[in-house]
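A.B. asks: Right, I'll just put the structure down here and ask away after.
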Amino acid sequence: MNTEFLESSDAFSVGIKARAEGLDVHHPIIMVPGVISTGLESWGTGNVSRPYFRRRLWGSWTMMRALLSDKEVWKQHIMLDKKTGLDPPGLKLRAAQGFDATDFFITGYWIWSKIFENLASLGYDPTNAFTAAYDWRLSYENLEVRDQYFTRLKNHIEMAHGVSGRKVVLASHSMGSQVVFYFFHWAASPFGGKGGDDWVDKHIEAWINISGCMLGAAKDVTAVLSGEMRDTAQLNAFAVYGLERFLNREERAEIFRAMPGISSMLPMGGEAVWGNLTWAPDDKPGQAHSFGSFLNFRTGGNWTTPEKNLTVATALEYLLNTSDTWYSDQIRRSYSHGIAHTRAEVEANEFQPHKWINPLETRLPLAPNLKVFCFYGIGKPTERGYYYRPPDLPQQTKLNITIDTGFTLGEVDHGVIMGEGDGTVNLLSTGYMCSKGWRMKRYNPAEAKITVIEMPHQPDRFNPRGGPNTADHVDILGRQTLNELLLRVAAGRGDEIEDSVISNIREYADNIKIDDEELEY
């Protein structure tokens with residue numbers, strides 16, 4: 001690959017270079033964005049909503065102004081109804097649509113715009129490229145109930161396939177990869193799109209899974225447990241400043257809980273994947289404390305905390321047992337965090353829609369011709385565990401605990417223990433299914449081809465977004481090698497891409513306590 005080309009800062013250079021190499025528009029491409037990257041605009045017409053009609057209350061400067069001048073009204077709009085998980089009475093926020101929905105978060109902070117530029121350079125336009133934006137606050141079930149999101153996505157794929165005569169490429173990022181995985185089940189199921197087991201094979205050429213949090217993310221726990229930010233929401237500095245400046249931790253936790261979609265990224269797989277109090281699959285030799293001890297509590301002092309440290313599994317139990325009933329009921333009803341250890345369990349779970357999000361309990365579609373590409377970043381420290389303590393003024397908050405930011409010792413920095421990943425999603429989550437899970441027959445019975453490319457984080461120190469070789473969870477969307485690979489798949493040349501695994505994920509995957517019921521292929 002041409003080094004001079006890779007180092008170029010020209011916004012359209014990847015597409016121009018690809019076109020010069022003979023690549024051209026081939027497959028229609030549909031992009032499914034990640035969590036929080038889609039703008040949400042108000043469509044309510046009641047008195048409280050009229051000043052904000054068609055204004056973005058998430059993903060614009062209007063959001064910042066509303067936080068400053070009308071915080072309670074902003075909170076009313078952004079939170080879903082706690083009982084139904086749908087619109088609160090008289091209020092209506094909807095995902096912005098089209099390329100404008102996801103190209104920039106706030107003016108100047110790009111998200112998908114680099115990919116759009118390079119697709120356009122290759123010859124793509126709105127007739128053969130489409131962004132399937134969604135309201136990331138909703139549970140996946142309610143995406144269909146309220147917005148008919150999956151019906152619309154299925155119809156659009158069928159139309160793109162019918163018009164072009166070629167199968168569609170799906171490209172998803174972060175939470176969007178969970179949405180696509182859920183959609184595969186929904187499209188085929190008699191409980192969903194009724195397309196039948198061969199629908200994906202007929203309509204989908206490839207799935208480009210970019211930084212997919214397939215097994216959740218450790219930092220999602222802290223967002224809903226105690227309203228901690230630490231980039232939990234994958235936002236730029238201005239949005240983080242706004243939420244931290246105008247909302248206390250209790251308000252932030254309440255808001256995150258009233259967005260059930262956020263909780264779709266709670267870690268899956270329990271102790272088998274994330275470890276117990278003395279062991280974790282990604283522990284390093286000589287490590288002082290295991291990553292498996294997920295929430296840790298200092299002893300001594302007049303503190304009231306859980307009697308012992310918590311693993312990921314017991315932390316989720318603690319969260320659901322100590323939170324309001326409306327939240328725990330919503331999460332238990334919408335998602336499942338377990339493991340299916342046999343082929344029979346996996347097949348039975350195809351009839352359990354709340355399990356469709358979990359790749360450890362369900363399978364890839366019965367699509368032998370589907371190509372799955374896993375592109376994700378490595379080498380950026382990522383939150384893996386925490387030290388917690390009681391809040392300073394327990395009588396004035398509903399929160400039971402908060403991160404012990406005053407504690408720094410050894411690998412603990414301001415109460416946070418760092419591990420491997422892309423700065424937001426842990427390596428275990430982005431890498432396990434791609435490197436091993438989907439190479440087991442029970443999770444990939446049709447033997448769809450899986451290709452893995454890991455991208456090391458090599459940021460340009462003078463570029464605030466990391467430059468062309470960043471592997472940060474969000475900024476990777478502007479990475480030139482990622483753009484080049486995406487165009488290659490869209491142009492029908494994905495078979496030329498070969499695995500490139502440079503982390504220890506295969507070793508970690510072998511350590512994970514999930515039995516190989518049958519031989520891998």
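In the structure tokens, chains take letters A, B, ... by order of appearance, with residues numbered from 1 within each chain and ligands from 1 in the order shown.
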Tell me which protein, DNA and RNA residues are within 9 Å of A:Gly292, counting only C-alpha atoms, leaving out same-chain ones fewer than 2 positions away, and put them as a PDB file with all heavy atoms, in the first residue's frame.
C.D. replies:
```
ATOM      1  N   GLU A 271     -19.072 -13.974  33.734  1.00  0.00           N
ATOM      2  CA  GLU A 271     -17.725 -14.280  34.203  1.00  0.00           C
ATOM      3  C   GLU A 271     -16.936 -15.111  33.202  1.00  0.00           C
ATOM      4  O   GLU A 271     -15.706 -15.063  33.186  1.00  0.00           O
ATOM      5  CB  GLU A 271     -17.793 -14.979  35.564  1.00  0.00           C
ATOM      6  CG  GLU A 271     -18.316 -14.059  36.665  1.00  0.00           C
ATOM      7  CD  GLU A 271     -18.277 -14.682  38.046  1.00  0.00           C
ATOM      8  OE1 GLU A 271     -17.794 -15.830  38.174  1.00  0.00           O
ATOM      9  OE2 GLU A 271     -18.739 -14.014  39.001  1.00  0.00           O
ATOM     10  N   TRP A 274     -15.706 -12.053  30.992  1.00  0.00           N
ATOM     11  CA  TRP A 274     -15.093 -10.902  31.647  1.00  0.00           C
ATOM     12  C   TRP A 274     -14.314 -11.256  32.904  1.00  0.00           C
ATOM     13  O   TRP A 274     -13.631 -10.397  33.464  1.00  0.00           O
ATOM     14  CB  TRP A 274     -16.175  -9.865  31.965  1.00  0.00           C
ATOM     15  CG  TRP A 274     -16.882  -9.400  30.724  1.00  0.00           C
ATOM     16  CD1 TRP A 274     -18.039  -9.911  30.200  1.00  0.00           C
ATOM     17  CD2 TRP A 274     -16.469  -8.371  29.829  1.00  0.00           C
ATOM     18  NE1 TRP A 274     -18.370  -9.251  29.045  1.00  0.00           N
ATOM     19  CE2 TRP A 274     -17.429  -8.304  28.787  1.00  0.00           C
ATOM     20  CE3 TRP A 274     -15.376  -7.484  29.804  1.00  0.00           C
ATOM     21  CZ2 TRP A 274     -17.322  -7.396  27.738  1.00  0.00           C
ATOM     22  CZ3 TRP A 274     -15.281  -6.574  28.757  1.00  0.00           C
ATOM     23  CH2 TRP A 274     -16.245  -6.533  27.738  1.00  0.00           C
ATOM     24  N   GLY A 275     -14.415 -12.499  33.375  1.00  0.00           N
ATOM     25  CA  GLY A 275     -13.583 -12.943  34.493  1.00  0.00           C
ATOM     26  C   GLY A 275     -14.306 -12.949  35.826  1.00  0.00           C
ATOM     27  O   GLY A 275     -15.389 -12.395  35.994  1.00  0.00           O
ATOM     28  N   ASN A 276     -13.658 -13.625  36.799  1.00  0.00           N
ATOM     29  CA  ASN A 276     -14.167 -13.642  38.166  1.00  0.00           C
ATOM     30  C   ASN A 276     -13.261 -12.781  39.050  1.00  0.00           C
ATOM     31  O   ASN A 276     -12.428 -12.031  38.539  1.00  0.00           O
ATOM     32  CB  ASN A 276     -14.279 -15.077  38.689  1.00  0.00           C
ATOM     33  CG  ASN A 276     -12.955 -15.821  38.617  1.00  0.00           C
ATOM     34  OD1 ASN A 276     -11.886 -15.254  38.868  1.00  0.00           O
ATOM     35  ND2 ASN A 276     -13.010 -17.105  38.293  1.00  0.00           N
ATOM     36  N   LEU A 277     -13.396 -12.877  40.350  1.00  0.00           N
ATOM     37  CA  LEU A 277     -12.657 -11.959  41.233  1.00  0.00           C
ATOM     38  C   LEU A 277     -11.148 -12.194  41.219  1.00  0.00           C
ATOM     39  O   LEU A 277     -10.387 -11.333  41.680  1.00  0.00           O
ATOM     40  CB  LEU A 277     -13.194 -12.066  42.665  1.00  0.00           C
ATOM     41  CG  LEU A 277     -14.613 -11.522  42.876  1.00  0.00           C
ATOM     42  CD1 LEU A 277     -15.070 -11.746  44.315  1.00  0.00           C
ATOM     43  CD2 LEU A 277     -14.696 -10.039  42.514  1.00  0.00           C
ATOM     44  N   THR A 278     -10.701 -13.327  40.712  1.00  0.00           N
ATOM     45  CA  THR A 278      -9.259 -13.617  40.725  1.00  0.00           C
ATOM     46  C   THR A 278      -8.677 -13.890  39.341  1.00  0.00           C
ATOM     47  O   THR A 278      -7.468 -14.099  39.213  1.00  0.00           O
ATOM     48  CB  THR A 278      -8.964 -14.846  41.616  1.00  0.00           C
ATOM     49  OG1 THR A 278      -9.689 -15.981  41.102  1.00  0.00           O
ATOM     50  CG2 THR A 278      -9.385 -14.580  43.052  1.00  0.00           C
ATOM     51  N   TRP A 279      -9.516 -13.876  38.288  1.00  0.00           N
ATOM     52  CA  TRP A 279      -9.030 -14.260  36.956  1.00  0.00           C
ATOM     53  C   TRP A 279      -9.835 -13.557  35.872  1.00  0.00           C
ATOM     54  O   TRP A 279     -11.025 -13.307  36.027  1.00  0.00           O
ATOM     55  CB  TRP A 279      -9.190 -15.777  36.779  1.00  0.00           C
ATOM     56  CG  TRP A 279      -9.041 -16.237  35.362  1.00  0.00           C
ATOM     57  CD1 TRP A 279      -7.899 -16.629  34.737  1.00  0.00           C
ATOM     58  CD2 TRP A 279     -10.084 -16.308  34.366  1.00  0.00           C
ATOM     59  NE1 TRP A 279      -8.157 -16.957  33.422  1.00  0.00           N
ATOM     60  CE2 TRP A 279      -9.492 -16.780  33.172  1.00  0.00           C
ATOM     61  CE3 TRP A 279     -11.459 -16.043  34.382  1.00  0.00           C
ATOM     62  CZ2 TRP A 279     -10.218 -16.969  32.000  1.00  0.00           C
ATOM     63  CZ3 TRP A 279     -12.187 -16.227  33.210  1.00  0.00           C
ATOM     64  CH2 TRP A 279     -11.572 -16.685  32.039  1.00  0.00           C
ATOM     65  N   ALA A 280      -9.144 -13.216  34.784  1.00  0.00           N
ATOM     66  CA  ALA A 280      -9.825 -12.732  33.578  1.00  0.00           C
ATOM     67  C   ALA A 280      -9.024 -13.196  32.367  1.00  0.00           C
ATOM     68  O   ALA A 280      -7.793 -13.347  32.451  1.00  0.00           O
ATOM     69  CB  ALA A 280      -9.943 -11.211  33.590  1.00  0.00           C
ATOM     70  N   PRO A 281      -9.673 -13.432  31.242  1.00  0.00           N
ATOM     71  CA  PRO A 281      -8.958 -13.952  30.066  1.00  0.00           C
ATOM     72  C   PRO A 281      -7.894 -13.014  29.523  1.00  0.00           C
ATOM     73  O   PRO A 281      -6.957 -13.453  28.858  1.00  0.00           O
ATOM     74  CB  PRO A 281     -10.067 -14.184  29.038  1.00  0.00           C
ATOM     75  CG  PRO A 281     -11.217 -13.361  29.507  1.00  0.00           C
ATOM     76  CD  PRO A 281     -11.118 -13.306  30.989  1.00  0.00           C
ATOM     77  N   ASP A 282      -8.033 -11.707  29.797  1.00  0.00           N
ATOM     78  CA  ASP A 282      -7.068 -10.739  29.289  1.00  0.00           C
ATOM     79  C   ASP A 282      -6.091 -10.250  30.355  1.00  0.00           C
ATOM     80  O   ASP A 282      -5.400  -9.249  30.155  1.00  0.00           O
ATOM     81  CB  ASP A 282      -7.792  -9.546  28.658  1.00  0.00           C
ATOM     82  CG  ASP A 282      -8.854  -8.933  29.561  1.00  0.00           C
ATOM     83  OD1 ASP A 282      -9.323  -9.628  30.492  1.00  0.00           O
ATOM     84  OD2 ASP A 282      -9.235  -7.775  29.338  1.00  0.00           O
ATOM     85  N   ASP A 283      -6.013 -10.944  31.494  1.00  0.00           N
ATOM     86  CA  ASP A 283      -4.998 -10.612  32.498  1.00  0.00           C
ATOM     87  C   ASP A 283      -3.601 -10.798  31.910  1.00  0.00           C
ATOM     88  O   ASP A 283      -3.362 -11.735  31.131  1.00  0.00           O
ATOM     89  CB  ASP A 283      -5.139 -11.506  33.739  1.00  0.00           C
ATOM     90  CG  ASP A 283      -6.302 -11.093  34.632  1.00  0.00           C
ATOM     91  OD1 ASP A 283      -6.807  -9.978  34.468  1.00  0.00           O
ATOM     92  OD2 ASP A 283      -6.697 -11.915  35.489  1.00  0.00           O
ATOM     93  N   HIS A 289      -3.648  -7.027  40.130  1.00  0.00           N
ATOM     94  CA  HIS A 289      -5.037  -7.388  40.413  1.00  0.00           C
ATOM     95  C   HIS A 289      -5.727  -7.785  39.110  1.00  0.00           C
ATOM     96  O   HIS A 289      -5.507  -7.172  38.068  1.00  0.00           O
ATOM     97  CB  HIS A 289      -5.779  -6.215  41.066  1.00  0.00           C
ATOM     98  CG  HIS A 289      -5.178  -5.769  42.353  1.00  0.00           C
ATOM     99  ND1 HIS A 289      -5.323  -6.479  43.528  1.00  0.00           N
ATOM    100  CD2 HIS A 289      -4.416  -4.694  42.648  1.00  0.00           C
ATOM    101  CE1 HIS A 289      -4.672  -5.851  44.492  1.00  0.00           C
ATOM    102  NE2 HIS A 289      -4.121  -4.771  43.983  1.00  0.00           N
ATOM    103  N   SER A 290      -6.571  -8.791  39.174  1.00  0.00           N
ATOM    104  CA  SER A 290      -7.238  -9.287  37.977  1.00  0.00           C
ATOM    105  C   SER A 290      -8.261  -8.286  37.454  1.00  0.00           C
ATOM    106  O   SER A 290      -8.968  -7.626  38.223  1.00  0.00           O
ATOM    107  CB  SER A 290      -7.935 -10.610  38.288  1.00  0.00           C
ATOM    108  OG  SER A 290      -8.727 -11.015  37.179  1.00  0.00           O
ATOM    109  N   PHE A 294     -14.211  -6.306  38.834  1.00  0.00           N
ATOM    110  CA  PHE A 294     -14.658  -5.199  37.987  1.00  0.00           C
ATOM    111  C   PHE A 294     -14.963  -3.926  38.790  1.00  0.00           C
ATOM    112  O   PHE A 294     -14.459  -2.854  38.494  1.00  0.00           O
ATOM    113  CB  PHE A 294     -15.889  -5.662  37.208  1.00  0.00           C
ATOM    114  CG  PHE A 294     -16.489  -4.633  36.300  1.00  0.00           C
ATOM    115  CD1 PHE A 294     -15.744  -4.052  35.293  1.00  0.00           C
ATOM    116  CD2 PHE A 294     -17.818  -4.252  36.448  1.00  0.00           C
ATOM    117  CE1 PHE A 294     -16.300  -3.117  34.442  1.00  0.00           C
ATOM    118  CE2 PHE A 294     -18.384  -3.315  35.608  1.00  0.00           C
ATOM    119  CZ  PHE A 294     -17.625  -2.739  34.607  1.00  0.00           C
ATOM    120  N   LEU A 295     -15.795  -4.044  39.820  1.00  0.00           N
ATOM    121  CA  LEU A 295     -16.059  -2.912  40.720  1.00  0.00           C
ATOM    122  C   LEU A 295     -15.393  -3.221  42.058  1.00  0.00           C
ATOM    123  O   LEU A 295     -15.709  -4.226  42.692  1.00  0.00           O
ATOM    124  CB  LEU A 295     -17.561  -2.695  40.914  1.00  0.00           C
ATOM    125  CG  LEU A 295     -18.406  -2.377  39.671  1.00  0.00           C
ATOM    126  CD1 LEU A 295     -19.824  -1.996  40.080  1.00  0.00           C
ATOM    127  CD2 LEU A 295     -17.780  -1.285  38.817  1.00  0.00           C
ATOM    128  N   LEU A 310     -17.087  -6.716  43.017  1.00  0.00           N
ATOM    129  CA  LEU A 310     -18.066  -7.274  42.092  1.00  0.00           C
ATOM    130  C   LEU A 310     -17.433  -7.585  40.741  1.00  0.00           C
ATOM    131  O   LEU A 310     -16.613  -6.815  40.242  1.00  0.00           O
ATOM    132  CB  LEU A 310     -19.226  -6.286  41.883  1.00  0.00           C
ATOM    133  CG  LEU A 310     -19.984  -5.823  43.133  1.00  0.00           C
ATOM    134  CD1 LEU A 310     -21.053  -4.789  42.752  1.00  0.00           C
ATOM    135  CD2 LEU A 310     -20.626  -7.004  43.853  1.00  0.00           C
ATOM    136  N   THR A 311     -17.812  -8.712  40.174  1.00  0.00           N
ATOM    137  CA  THR A 311     -17.457  -9.025  38.793  1.00  0.00           C
ATOM    138  C   THR A 311     -18.430  -8.305  37.859  1.00  0.00           C
ATOM    139  O   THR A 311     -19.398  -7.679  38.309  1.00  0.00           O
ATOM    140  CB  THR A 311     -17.547 -10.540  38.543  1.00  0.00           C
ATOM    141  OG1 THR A 311     -18.925 -10.943  38.680  1.00  0.00           O
ATOM    142  CG2 THR A 311     -16.688 -11.316  39.546  1.00  0.00           C
ATOM    143  N   VAL A 312     -18.211  -8.413  36.556  1.00  0.00           N
ATOM    144  CA  VAL A 312     -19.170  -7.837  35.610  1.00  0.00           C
ATOM    145  C   VAL A 312     -20.561  -8.418  35.835  1.00  0.00           C
ATOM    146  O   VAL A 312     -21.563  -7.698  35.855  1.00  0.00           O
ATOM    147  CB  VAL A 312     -18.704  -8.068  34.156  1.00  0.00           C
ATOM    148  CG1 VAL A 312     -19.861  -7.915  33.177  1.00  0.00           C
ATOM    149  CG2 VAL A 312     -17.597  -7.090  33.788  1.00  0.00           C
ATOM    150  N   ARG A 384     -11.520  -0.752  31.993  1.00  0.00           N
ATOM    151  CA  ARG A 384     -11.737  -2.197  32.188  1.00  0.00           C
ATOM    152  C   ARG A 384     -12.223  -2.521  33.602  1.00  0.00           C
ATOM    153  O   ARG A 384     -12.751  -3.601  33.852  1.00  0.00           O
ATOM    154  CB  ARG A 384     -10.418  -2.913  31.892  1.00  0.00           C
ATOM    155  CG  ARG A 384     -10.453  -4.433  31.966  1.00  0.00           C
ATOM    156  CD  ARG A 384     -11.348  -5.030  30.912  1.00  0.00           C
ATOM    157  NE  ARG A 384     -11.280  -6.486  30.914  1.00  0.00           N
ATOM    158  CZ  ARG A 384     -12.005  -7.275  31.700  1.00  0.00           C
ATOM    159  NH1 ARG A 384     -12.868  -6.761  32.557  1.00  0.00           N
ATOM    160  NH2 ARG A 384     -11.898  -8.591  31.629  1.00  0.00           N
ATOM    161  N   GLY A 385     -12.041  -1.606  34.546  1.00  0.00           N
ATOM    162  CA  GLY A 385     -12.486  -1.829  35.914  1.00  0.00           C
ATOM    163  C   GLY A 385     -12.470  -0.513  36.673  1.00  0.00           C
ATOM    164  O   GLY A 385     -11.945   0.499  36.185  1.00  0.00           O
TER     165      GLY A 385
END
```
A.B. asks: Extract the full set of alpha helix (DSSP H) residues from stretch 191-232 of chain A according to DSSP on the backbone, and format it as a PyMOL selection string.
C.D. replies: chain A and resi 199-203+218-226
A.B. asks: From the set A:Gly419, A:Ile502, A:Asn369, A:Arg343, which residue has the shortest atom-to-atom contact distance to A:Gln287, counting only C-alpha atoms?
C.D. replies: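 For A:Gln287, the nearest of the candidates is A:Gly419.
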A.B. asks: Give me the residues of stretch 396-501 of chain A that have any atom at most 8 Å from an atom of stretch 212-224 of chain A; for each, the nearest atom pair and the distance in Å, rounded to one decimal. Use only C-alpha atoms, sort by chain and number, and format it as a Markdown table.
C.D. replies:
```
| residue | atom | partner | partner_atom | distance |
| --- | --- | --- | --- | --- |
| A:Thr424 | CA | A:Ala217 | CA | 7.4 |
| A:Val425 | CA | A:Ala217 | CA | 5.2 |
| A:Asn426 | CA | A:Ala217 | CA | 6.1 |
| A:Leu428 | CA | A:Leu215 | CA | 7.6 |
| A:Ser429 | CA | A:Leu215 | CA | 4.5 |
| A:Thr430 | CA | A:Cys213 | CA | 5.4 |
| A:Met433 | CA | A:Met214 | CA | 7.5 |
```
A.B. asks: Considering only C-alpha atoms, return as a VMD selection string whatever protein or nucleic-acid residues lie within 7 Å of A:Gly478, sequence-local ones (same chain, fewer than 5 positions apart) excluded.
C.D. replies: chain A and resid 114 to 115 468
A.B. asks: With distances taken over only C-alpha atoms, which of A:Ala367, A:Leu119, A:Trp199, A:Leu68 is nearest to A:Pro445?
C.D. replies: A:Ala367
A.B. asks: Mind listing the strand (DSSP E) residues of stretch 14-102 of chain A, per DSSP on the backbone, as a ChimeraX atom specification?
C.D. replies: /A:29-32,40-42,56-58,93-95
A.B. asks: Which residue gives the smallest distance to A:Phe181 among A:Tyr124, A:Tyr52, A:Trp356, A:Phe246, with only C-alpha atoms counted?
C.D. replies: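 Going through A:Tyr124, A:Tyr52, A:Trp356, A:Phe246 one by one, the smallest distance to A:Phe181 is for A:Trp356.
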A.B. asks: Could you give me, as number ranges by chain, the residues within 10 Å of A:Arg146, counting only C-alpha atoms and dropping anything in the same chain fewer than 6 positions from it?
C.D. replies: A: 85-87, 138
A.B. asks: Could you give me, as a list in words, the residues within 9 Å of stretch 389-406 of chain A, counting only C-alpha atoms and dropping anything in the same chain fewer than 5 positions from it?
C.D. replies: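 Answer for this query is Thr222, Leu225, Ser226, Gly227, Glu228, Arg249, Glu250, Ala253, Asn296, Phe297, Arg298, Trp303, Thr304, Thr305, Thr322, Ser323, Asp413, His414, Gly415 and Val416 of chain A.
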A.B. asks: Given only C-alpha atoms as the basis, pick out the residue of A:Tyr109, A:Phe291, A:Glu507, A:Ala491 nearest to A:Glu411.
C.D. replies: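 Of the candidates, the smallest distance to A:Glu411 is held by A:Phe291.
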A.B. asks: Excluding A:Leu170 and residues on its chain fewer than 4 positions from it, collect all residues at most 9 Å away from it, counting only C-alpha atoms, and give them as an NGL selection string.
C.D. replies: :A and (28-32 or 180 or 204-209)
A.B. asks: For the selection just defined, write its residues with N, CA and C atoms to a file, as a PDB file, in the first residue's frame.
C.D. replies:
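Saved result, selection.pdb, follows:
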```pdb
ATOM      1  N   PRO A  28     -24.720  -1.623  -3.943  1.00  0.00           N
ATOM      2  CA  PRO A  28     -25.317  -0.550  -3.128  1.00  0.00           C
ATOM      3  C   PRO A  28     -24.806  -0.695  -1.698  1.00  0.00           C
ATOM      4  N   ILE A  29     -24.657   0.417  -1.001  1.00  0.00           N
ATOM      5  CA  ILE A  29     -24.152   0.372   0.372  1.00  0.00           C
ATOM      6  C   ILE A  29     -25.097   1.106   1.306  1.00  0.00           C
ATOM      7  N   ILE A  30     -25.385   0.491   2.436  1.00  0.00           N
ATOM      8  CA  ILE A  30     -26.244   1.093   3.455  1.00  0.00           C
ATOM      9  C   ILE A  30     -25.448   1.153   4.745  1.00  0.00           C
ATOM     10  N   MET A  31     -25.397   2.333   5.354  1.00  0.00           N
ATOM     11  CA  MET A  31     -24.592   2.563   6.549  1.00  0.00           C
ATOM     12  C   MET A  31     -25.481   2.732   7.778  1.00  0.00           C
ATOM     13  N   VAL A  32     -25.117   2.026   8.844  1.00  0.00           N
ATOM     14  CA  VAL A  32     -25.883   2.065  10.092  1.00  0.00           C
ATOM     15  C   VAL A  32     -24.978   2.673  11.157  1.00  0.00           C
ATOM     16  N   VAL A 180     -27.480  -4.188  13.401  1.00  0.00           N
ATOM     17  CA  VAL A 180     -27.456  -5.036  12.210  1.00  0.00           C
ATOM     18  C   VAL A 180     -27.596  -6.502  12.600  1.00  0.00           C
ATOM     19  N   ILE A 204     -27.925  -9.730   0.989  1.00  0.00           N
ATOM     20  CA  ILE A 204     -26.762  -9.076   1.607  1.00  0.00           C
ATOM     21  C   ILE A 204     -25.476  -9.725   1.100  1.00  0.00           C
ATOM     22  N   GLU A 205     -24.625  -8.924   0.478  1.00  0.00           N
ATOM     23  CA  GLU A 205     -23.324  -9.396   0.008  1.00  0.00           C
ATOM     24  C   GLU A 205     -22.320  -9.477   1.152  1.00  0.00           C
ATOM     25  N   ALA A 206     -22.253  -8.397   1.946  1.00  0.00           N
ATOM     26  CA  ALA A 206     -21.238  -8.337   3.001  1.00  0.00           C
ATOM     27  C   ALA A 206     -21.723  -7.446   4.128  1.00  0.00           C
ATOM     28  N   TRP A 207     -21.206  -7.734   5.297  1.00  0.00           N
ATOM     29  CA  TRP A 207     -21.428  -6.887   6.476  1.00  0.00           C
ATOM     30  C   TRP A 207     -20.072  -6.387   6.944  1.00  0.00           C
ATOM     31  N   ILE A 208     -19.870  -5.074   6.887  1.00  0.00           N
ATOM     32  CA  ILE A 208     -18.653  -4.439   7.387  1.00  0.00           C
ATOM     33  C   ILE A 208     -18.925  -3.981   8.812  1.00  0.00           C
ATOM     34  N   ASN A 209     -18.357  -4.686   9.761  1.00  0.00           N
ATOM     35  CA  ASN A 209     -18.580  -4.448  11.188  1.00  0.00           C
ATOM     36  C   ASN A 209     -17.411  -3.615  11.717  1.00  0.00           C
TER      37      ASN A 209
END
```
A.B. asks: Record the distance separating atom CA of A:Asn483 and atom CA of A:Gly261, expressed in Å with one decimal.
C.D. replies: 27.5 Å
A.B. asks: So which residues touch A:Trp110 within 12 Å, counting only C-alpha atoms, skipping near sequence neighbours fewer than 2 positions away, as a PyMOL selection string?
C.D. replies: chain A and resi 11+37-38+59+99-108+112-117+235-236+464-465+474-478
A.B. asks: One decimal, Å: what's the distance from atom CA of A:Leu482 over to atom CA of A:Cys374, could you say?
C.D. replies: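 Straight-line distance from atom CA of A:Leu482 to atom CA of A:Cys374 works out to 10.7 Å.
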